[in-house]
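> Quick one: this structure, given as structure tokens, is what I'll be asking you about.
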Amino acid sequence: MYSQVKTIAGNIVDIIHRSIYPGTLKIKGGRIVEIIRDIQQYQTYIIPGFVDAHIHIESSMLVPSEFARIAAIHGSVAAVSDPHEIANIMGMPGIRYMIEDGRTTPFKFYFGAPSCVPATDFETSGATISPENIEELFKNNEAHFLSEVMNYPGVLAQEPGIMKKIALAKTYHKAIDGHAPGLKGIDLEKYLGAGIKTDHETLNLDEALEKLSAGINIQIRHGSATSNLEALNGLIDQYPEQCMFCSDDKHPDDLVNNHVNYMVKRSLTLGLDKFNVLRCASHNPIRHYSLDVGLLQTGDPADFVVIDNFENFNICMTCIDGFKIAENGKPLLNCRKPGTINSFAACKKSPEDFRIRCKGGRINIIEAFDSQLVTGRIQAQAKIEDTFCVSDPLRDILKITVVNRYRDASPAVGFIKNFGLKQGAIAASIAHDSHNIVAVGVSDEHLCAAVNQIIEHKGGIAVACDNFQKILPLSIAGIMSDDDGFQVAKAYDELNTLAKKLGSPLKAPFMTLSFMSLLVIPELKMSDKGLFDSQKFQFVAVCQP
């Protein structure tokens, strides 16, 4: 159990005044009431706690309170979180579930109002977040900001729905987050003119420089799905007031290993100014989002981290509001059993449901790329058995299916390349953005077995083969576990290992799988309604006549 800290001494790192001095913090009522400068020499350093400037907590497969237990061991004290994933499944009850669970821990969660639910009209989602819902969240102070505006074409076209949500954010004086990969020139000016001030999807240095010059704050990202840390962290010393660190998506196995602390340590290793680096990890998101998180000033909340030194950068202690919540890599917060919330109405399938009757000799195929959200589009001659198109493991052309989880419906089935399975199938109910069931397999029987595991448990990630089946159940909205975070990380790692034993060469097969239904990212993706061309924004046939 965590304990209260009343005084702590060390080398205090004041990033606001860019100084380091020996001193003692006196803490009362969760705040720093006095800072006494010492002449004594200390071995340890006291620095501001870290803030993740943009993350979907659901991507950790953990509820907020369990995410907090693990993030705290890495020096994190707060997270600016978009509950976009659960909102697509559960709507307002899902958002409130995240808020309420987050309140059970000292960790400081600042949840946003999701701006784009559903992400598109070309898939089945579980809910819609309307402008009226957005206003309700703002009016009740349940949402701290307007979450990433992914619908930048809607902003450019001044579509009434998205513009009303942006107007509400301005009315209630809320920050507005962006999501605009590759946006430049006049389109960028129009997008930013709407009042959007951040972006975590910047693709390269030239794009970042244009956005910085336009006044946008760049959220430098290092997550499980993708990272632009190496490409962009050189900006920190050039634009120290406009950069922040964020994870976006952090899977449980990665979260156990590191969080924002990795971005800080890596940037310091490259020789960047320590005050600028620490500013990105704390000061900038605190000031931009007006967070009640301390910066080691008299009167501030007593939120801080103790490290051994700036070379090794080991996290010795994490404190929030004067309470020690993690020490030497061990969480001091208790693991709690959260309540469950879900929406799952799919019925079990049969192998025949995954058949594709041949309507031509050639097929359109999704080309997956390791650890990337984007996909390619290729064509090849179909392998045909008894008038049906089937998987061809020898050419690494496998079936992919997306199964509607919200009502009982026939699966959508297509083909995908580069998953590399030689046997069996893998499946998950983590499938951005609507989180239907997605699966890839070498046969209809294996696909069916993997999918049915997900349906039976009403959510999870699963592997199926001739001689075994294994699942990590995700009972909360089909995307989060109610278990201990370290155990979830271990189980997730085991499933990834099993997928690789079935032949997949991918670094993280389930992560790549989860983005094969993300219709807003080019080029070819799979919806529960069919194969989708993300560039033309229309469905395409699997078989070519």
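Just so we're on the same page: first chain in the structure tokens is A, next is B, and so on; residues restart at 1 for each chain, and ligands are numbered from 1 in the order they show up.
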So that each row is one residue of stretch 271-367 of chain A with an atom at most 7 Å from stretch 478-484 of chain A, can you give its shortest atom pair and the distance in Å to one decimal, using only C-alpha atoms, rows by chain and rising number, as a tab-separated table?

```
residue	atom	partner	partner_atom	distance
A:Cys335	CA	A:Asp484	CA	6.4
A:Lys337	CA	A:Asp482	CA	6.2
A:Pro338	CA	A:Asp482	CA	6.1
A:Asn342	CA	A:Gly478	CA	6.6
```
> List as a PDB file with N, CA and C atoms, in the first residue's frame the protein and nucleic acid residues near stretch 173-184 of chain A, meaning an atom at most 6 Å away when only C-alpha atoms are counted, but skip any in the same chain fewer than 3 places from it.

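So selection01.pdb came out as:
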```
ATOM      1  N   PHE A 145     -10.874  17.876 -22.632  1.00  0.00           N
ATOM      2  CA  PHE A 145     -10.496  18.432 -23.939  1.00  0.00           C
ATOM      3  C   PHE A 145     -11.292  17.714 -25.016  1.00  0.00           C
ATOM      4  N   LEU A 146     -11.249  18.221 -26.251  1.00  0.00           N
ATOM      5  CA  LEU A 146     -11.846  17.537 -27.392  1.00  0.00           C
ATOM      6  C   LEU A 146     -10.785  16.643 -28.005  1.00  0.00           C
ATOM      7  N   SER A 147     -11.065  15.342 -28.029  1.00  0.00           N
ATOM      8  CA  SER A 147     -10.069  14.373 -28.491  1.00  0.00           C
ATOM      9  C   SER A 147      -9.798  14.510 -29.983  1.00  0.00           C
ATOM     10  N   GLU A 148      -8.747  13.862 -30.404  1.00  0.00           N
ATOM     11  CA  GLU A 148      -8.172  14.041 -31.741  1.00  0.00           C
ATOM     12  C   GLU A 148      -9.225  14.122 -32.847  1.00  0.00           C
ATOM     13  N   VAL A 149      -9.153  15.205 -33.602  1.00  0.00           N
ATOM     14  CA  VAL A 149     -10.080  15.431 -34.712  1.00  0.00           C
ATOM     15  C   VAL A 149      -9.514  14.715 -35.935  1.00  0.00           C
ATOM     16  N   MET A 150      -9.859  13.433 -36.047  1.00  0.00           N
ATOM     17  CA  MET A 150      -9.356  12.624 -37.163  1.00  0.00           C
ATOM     18  C   MET A 150     -10.013  12.989 -38.484  1.00  0.00           C
ATOM     19  N   ALA A 169     -16.147  22.935 -27.977  1.00  0.00           N
ATOM     20  CA  ALA A 169     -14.872  22.961 -27.252  1.00  0.00           C
ATOM     21  C   ALA A 169     -14.432  24.393 -26.988  1.00  0.00           C
ATOM     22  N   LYS A 170     -14.629  25.253 -27.959  1.00  0.00           N
ATOM     23  CA  LYS A 170     -14.261  26.659 -27.780  1.00  0.00           C
ATOM     24  C   LYS A 170     -15.172  27.343 -26.757  1.00  0.00           C
ATOM     25  N   ASP A 187      -4.324  23.585 -46.822  1.00  0.00           N
ATOM     26  CA  ASP A 187      -5.175  22.677 -46.044  1.00  0.00           C
ATOM     27  C   ASP A 187      -4.771  22.682 -44.575  1.00  0.00           C
ATOM     28  N   LEU A 188      -3.482  22.721 -44.307  1.00  0.00           N
ATOM     29  CA  LEU A 188      -2.998  22.777 -42.929  1.00  0.00           C
ATOM     30  C   LEU A 188      -3.453  24.077 -42.267  1.00  0.00           C
ATOM     31  N   ILE A 196      -7.359  23.985 -33.728  1.00  0.00           N
ATOM     32  CA  ILE A 196      -6.648  22.751 -33.360  1.00  0.00           C
ATOM     33  C   ILE A 196      -5.183  23.090 -33.108  1.00  0.00           C
ATOM     34  N   THR A 198      -2.652  20.666 -31.584  1.00  0.00           N
ATOM     35  CA  THR A 198      -1.670  19.587 -31.415  1.00  0.00           C
ATOM     36  C   THR A 198      -1.744  18.622 -32.587  1.00  0.00           C
ATOM     37  N   ASP A 199      -0.677  17.852 -32.749  1.00  0.00           N
ATOM     38  CA  ASP A 199      -0.685  16.769 -33.734  1.00  0.00           C
ATOM     39  C   ASP A 199       0.316  15.697 -33.304  1.00  0.00           C
ATOM     40  N   GLU A 201       0.522  12.790 -35.317  1.00  0.00           N
ATOM     41  CA  GLU A 201       0.630  11.943 -36.508  1.00  0.00           C
ATOM     42  C   GLU A 201       1.599  12.503 -37.546  1.00  0.00           C
ATOM     43  N   THR A 202       2.496  13.378 -37.136  1.00  0.00           N
ATOM     44  CA  THR A 202       3.452  13.966 -38.075  1.00  0.00           C
ATOM     45  C   THR A 202       4.413  12.892 -38.587  1.00  0.00           C
TER      46      THR A 202
END
```
> Counting only C-alpha atoms, what is within 8 Å of A:Phe138, bar same-chain residues fewer than 5 positions away, as a list in words?
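Final neighbour list, sorted by chain and number: Ala113, Ala143, His144, Ala169 and Tyr172 of chain A.
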> Which residues, written as a tab-separated table (two decimals) with N, CA and C atoms, in the first residue's frame, have at least one atom at most 8 Å from stretch 30-40 of chain A, with only C-alpha atoms counted and residues fewer than 5 positions away on the same chain left out?

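Now in out_26.tsv:
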```tsv
chain	number	residue	atom	x	y	z
A	21	TYR	N	19.63	22.26	-7.76
A	21	TYR	CA	20.24	22.65	-6.50
A	21	TYR	C	19.86	21.62	-5.42
A	22	PRO	N	20.72	21.41	-4.43
A	22	PRO	CA	20.37	20.52	-3.32
A	22	PRO	C	19.30	21.16	-2.45
A	23	GLY	N	18.32	20.36	-2.06
A	23	GLY	CA	17.24	20.94	-1.25
A	23	GLY	C	16.32	19.88	-0.68
A	24	THR	N	15.38	20.37	0.13
A	24	THR	CA	14.40	19.52	0.78
A	24	THR	C	13.00	20.04	0.50
A	25	LEU	N	12.12	19.13	0.09
A	25	LEU	CA	10.73	19.48	-0.11
A	25	LEU	C	9.95	19.19	1.16
A	296	LEU	N	7.31	21.01	-9.18
A	296	LEU	CA	8.32	21.25	-8.14
A	296	LEU	C	8.46	22.73	-7.78
A	297	GLN	N	7.33	23.42	-7.71
A	297	GLN	CA	7.30	24.81	-7.26
A	297	GLN	C	6.49	24.87	-5.95
A	298	THR	N	6.81	25.82	-5.10
A	298	THR	CA	6.06	26.00	-3.85
A	298	THR	C	4.58	26.23	-4.16
A	299	GLY	N	3.72	25.46	-3.51
A	299	GLY	CA	2.29	25.53	-3.73
A	299	GLY	C	1.77	24.51	-4.73
A	300	ASP	N	2.68	23.86	-5.48
A	300	ASP	CA	2.29	22.86	-6.47
A	300	ASP	C	1.87	21.55	-5.79
A	301	PRO	N	1.03	20.75	-6.48
A	301	PRO	CA	0.83	19.38	-6.03
A	301	PRO	C	2.19	18.67	-5.95
A	302	ALA	N	2.33	17.82	-4.94
A	302	ALA	CA	3.61	17.13	-4.74
A	302	ALA	C	3.70	15.91	-5.64
A	320	ILE	N	2.71	10.99	-6.07
A	320	ILE	CA	1.60	11.81	-6.58
A	320	ILE	C	0.86	12.40	-5.38
A	321	ASP	N	0.71	13.72	-5.38
A	321	ASP	CA	0.05	14.41	-4.26
A	321	ASP	C	0.66	14.01	-2.92
A	322	GLY	N	1.97	13.81	-2.92
A	322	GLY	CA	2.68	13.48	-1.69
A	322	GLY	C	2.60	12.03	-1.27
A	323	PHE	N	1.98	11.18	-2.07
A	323	PHE	CA	1.90	9.76	-1.75
A	323	PHE	C	2.87	8.97	-2.62
```
> Please return, as a PyMOL selection string, all residues of stretch 54-231 of chain A that DSSP assigns to strand (DSSP E or B) on the basis of the backbone.
chain A and resi 54-55+62+76-81+108-111+113+145-149+175-178+198-199+217-222+227
> Restrict the selected residues to C-alpha atoms and save them as a PDB file, in the first residue's frame.

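Written out: part.pdb:
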```pdb
ATOM      1  CA  HIS A  54      -1.768  11.550 -25.788  1.00  0.00           C
ATOM      2  CA  ILE A  55      -2.717   7.927 -25.178  1.00  0.00           C
ATOM      3  CA  LEU A  62      -5.856  -2.682 -18.950  1.00  0.00           C
ATOM      4  CA  SER A  76       4.483   8.623 -14.937  1.00  0.00           C
ATOM      5  CA  VAL A  77       2.022  10.596 -12.812  1.00  0.00           C
ATOM      6  CA  ALA A  78      -0.593  11.677 -15.358  1.00  0.00           C
ATOM      7  CA  ALA A  79      -2.030  10.861 -18.782  1.00  0.00           C
ATOM      8  CA  VAL A  80      -4.031  12.870 -21.291  1.00  0.00           C
ATOM      9  CA  SER A  81      -6.241  10.094 -22.606  1.00  0.00           C
ATOM     10  CA  LYS A 108      -4.077  11.726 -12.655  1.00  0.00           C
ATOM     11  CA  PHE A 109      -6.178  10.867 -15.697  1.00  0.00           C
ATOM     12  CA  TYR A 110      -7.486  13.626 -17.958  1.00  0.00           C
ATOM     13  CA  PHE A 111      -9.995  12.127 -20.379  1.00  0.00           C
ATOM     14  CA  ALA A 113     -14.495  13.834 -25.414  1.00  0.00           C
ATOM     15  CA  PHE A 145     -10.496  18.432 -23.939  1.00  0.00           C
ATOM     16  CA  LEU A 146     -11.846  17.537 -27.392  1.00  0.00           C
ATOM     17  CA  SER A 147     -10.069  14.373 -28.491  1.00  0.00           C
ATOM     18  CA  GLU A 148      -8.172  14.041 -31.741  1.00  0.00           C
ATOM     19  CA  VAL A 149     -10.080  15.431 -34.712  1.00  0.00           C
ATOM     20  CA  ALA A 175      -8.176  22.332 -25.827  1.00  0.00           C
ATOM     21  CA  ILE A 176      -8.694  20.682 -29.224  1.00  0.00           C
ATOM     22  CA  ASP A 177      -6.435  17.819 -30.275  1.00  0.00           C
ATOM     23  CA  GLY A 178      -5.438  17.157 -33.866  1.00  0.00           C
ATOM     24  CA  THR A 198      -1.670  19.587 -31.415  1.00  0.00           C
ATOM     25  CA  ASP A 199      -0.685  16.769 -33.734  1.00  0.00           C
ATOM     26  CA  ASN A 217       2.439  21.642 -30.736  1.00  0.00           C
ATOM     27  CA  ILE A 218       4.105  18.446 -31.945  1.00  0.00           C
ATOM     28  CA  GLN A 219       3.484  15.361 -29.817  1.00  0.00           C
ATOM     29  CA  ILE A 220       6.541  13.190 -30.385  1.00  0.00           C
ATOM     30  CA  ARG A 221       5.305   9.603 -30.273  1.00  0.00           C
ATOM     31  CA  HIS A 222       6.855   6.347 -29.194  1.00  0.00           C
ATOM     32  CA  SER A 227       7.203   5.689 -33.372  1.00  0.00           C
TER      33      SER A 227
END
```
> Could you tell me which of A:Val155, A:Leu168, A:Val305, A:Val542 comes closest to A:Ser130 if we count only C-alpha atoms?
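Using only C-alpha atoms, A:Ser130 sits closest to A:Leu168.
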> Could you pull the residues within 9 Å of A:Leu518, counting only C-alpha atoms, minus those fewer than 2 positions along the same chain, as a list of chain:residue names?
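After dropping sequence-adjacent residues, the list is A:Ala119, A:Leu373, A:Ala431, A:His432, A:Asp433, A:Ser434, A:Ser514, A:Phe515, A:Met516, A:Val520, A:Ile521, A:Pro522, A:Lys525, A:Met526, A:Ser527, A:Ser534.
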> At a cut-off of 10 Å, using only C-alpha atoms, what residues contact A:Asn233? Leave out same-chain residues fewer than 2 positions from it and give the result as number ranges by chain.
A: 205, 220-221, 228-231, 235-238, 243-245, 263-264, 266-267, 270, 272, 277
> Give me the residues near A:Glu58 as a ChimeraX atom specification, where near means some atom within 8 Å (using only C-alpha atoms) and where sequence neighbours in that chain fewer than 2 positions away do not count.
/A:56,60-64,83,85-86,479-480
> Using only C-alpha atoms, which residue out of A:Ser350, A:Gln242, A:Cys358, A:Glu311 lies closest to A:Arg287?
A:Gln242
> How many Å separate atom CA of A:His200 from atom CA of A:Asn141?
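A separation of 24.5 Å between them.
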> Which residue is closest to A:Gln538? Choose from A:Ala489, A:Ile307, A:Ala68, A:Thr120 and count only C-alpha atoms.
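The answer is A:Thr120, which sits nearest to A:Gln538.
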> Can you work out which one of A:Ser224, A:Ala167, A:Leu333, A:Gln158 has the shortest atom-to-atom distance to A:Thr105, counting only C-alpha atoms?
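Between A:Ser224, A:Ala167, A:Leu333, A:Gln158, the residue approaching A:Thr105 most closely is A:Leu333.
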> Show me a table, sorted first by chain and then by increasing residue number, of the residues of stretch 452-486 of chain A having an atom at most 10 Å from stretch 402-414 of chain A, each with its shortest atom pair and the distance in Å to one decimal, counting only C-alpha atoms and written as JSON lines.

```
{"residue": "A:Ile454", "atom": "CA", "partner": "A:Arg405", "partner_atom": "CA", "distance": 9.7}
{"residue": "A:Ile455", "atom": "CA", "partner": "A:Arg405", "partner_atom": "CA", "distance": 8.0}
{"residue": "A:Lys458", "atom": "CA", "partner": "A:Arg405", "partner_atom": "CA", "distance": 8.7}
{"residue": "A:Gly459", "atom": "CA", "partner": "A:Arg405", "partner_atom": "CA", "distance": 9.1}
{"residue": "A:Gly478", "atom": "CA", "partner": "A:Arg405", "partner_atom": "CA", "distance": 9.5}
```
> Could you please take those selected residues and save C-alpha atoms as a compact mmCIF listing (two decimals), in the first residue's frame?

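Generated output (part36.txt):
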```
# COMPACT_ATOMS: atom_id res chain seq x y z
CA ILE A 454 -13.52 -14.77 -29.07
CA ILE A 455 -17.31 -15.08 -29.28
CA LYS A 458 -17.17 -12.10 -25.45
CA GLY A 459 -13.78 -10.64 -26.29
CA GLY A 478 -13.87 -6.93 -25.42
```
> Would you please work out which residue, of A:Phe539, A:Phe275, A:Phe304, A:Phe486, is nearest to A:Phe67 when using only C-alpha atoms?
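Among A:Phe539, A:Phe275, A:Phe304, A:Phe486, it is A:Phe486 that comes nearest to A:Phe67.
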> Name the residues of stretch 159-408 of chain A that come out as helix (DSSP H, G or I) in a backbone DSSP run; write them as a ChimeraX atom specification.
/A:160-171,185-193,205-213,229-235,252-257,260-269,274-289,351-354,393-395
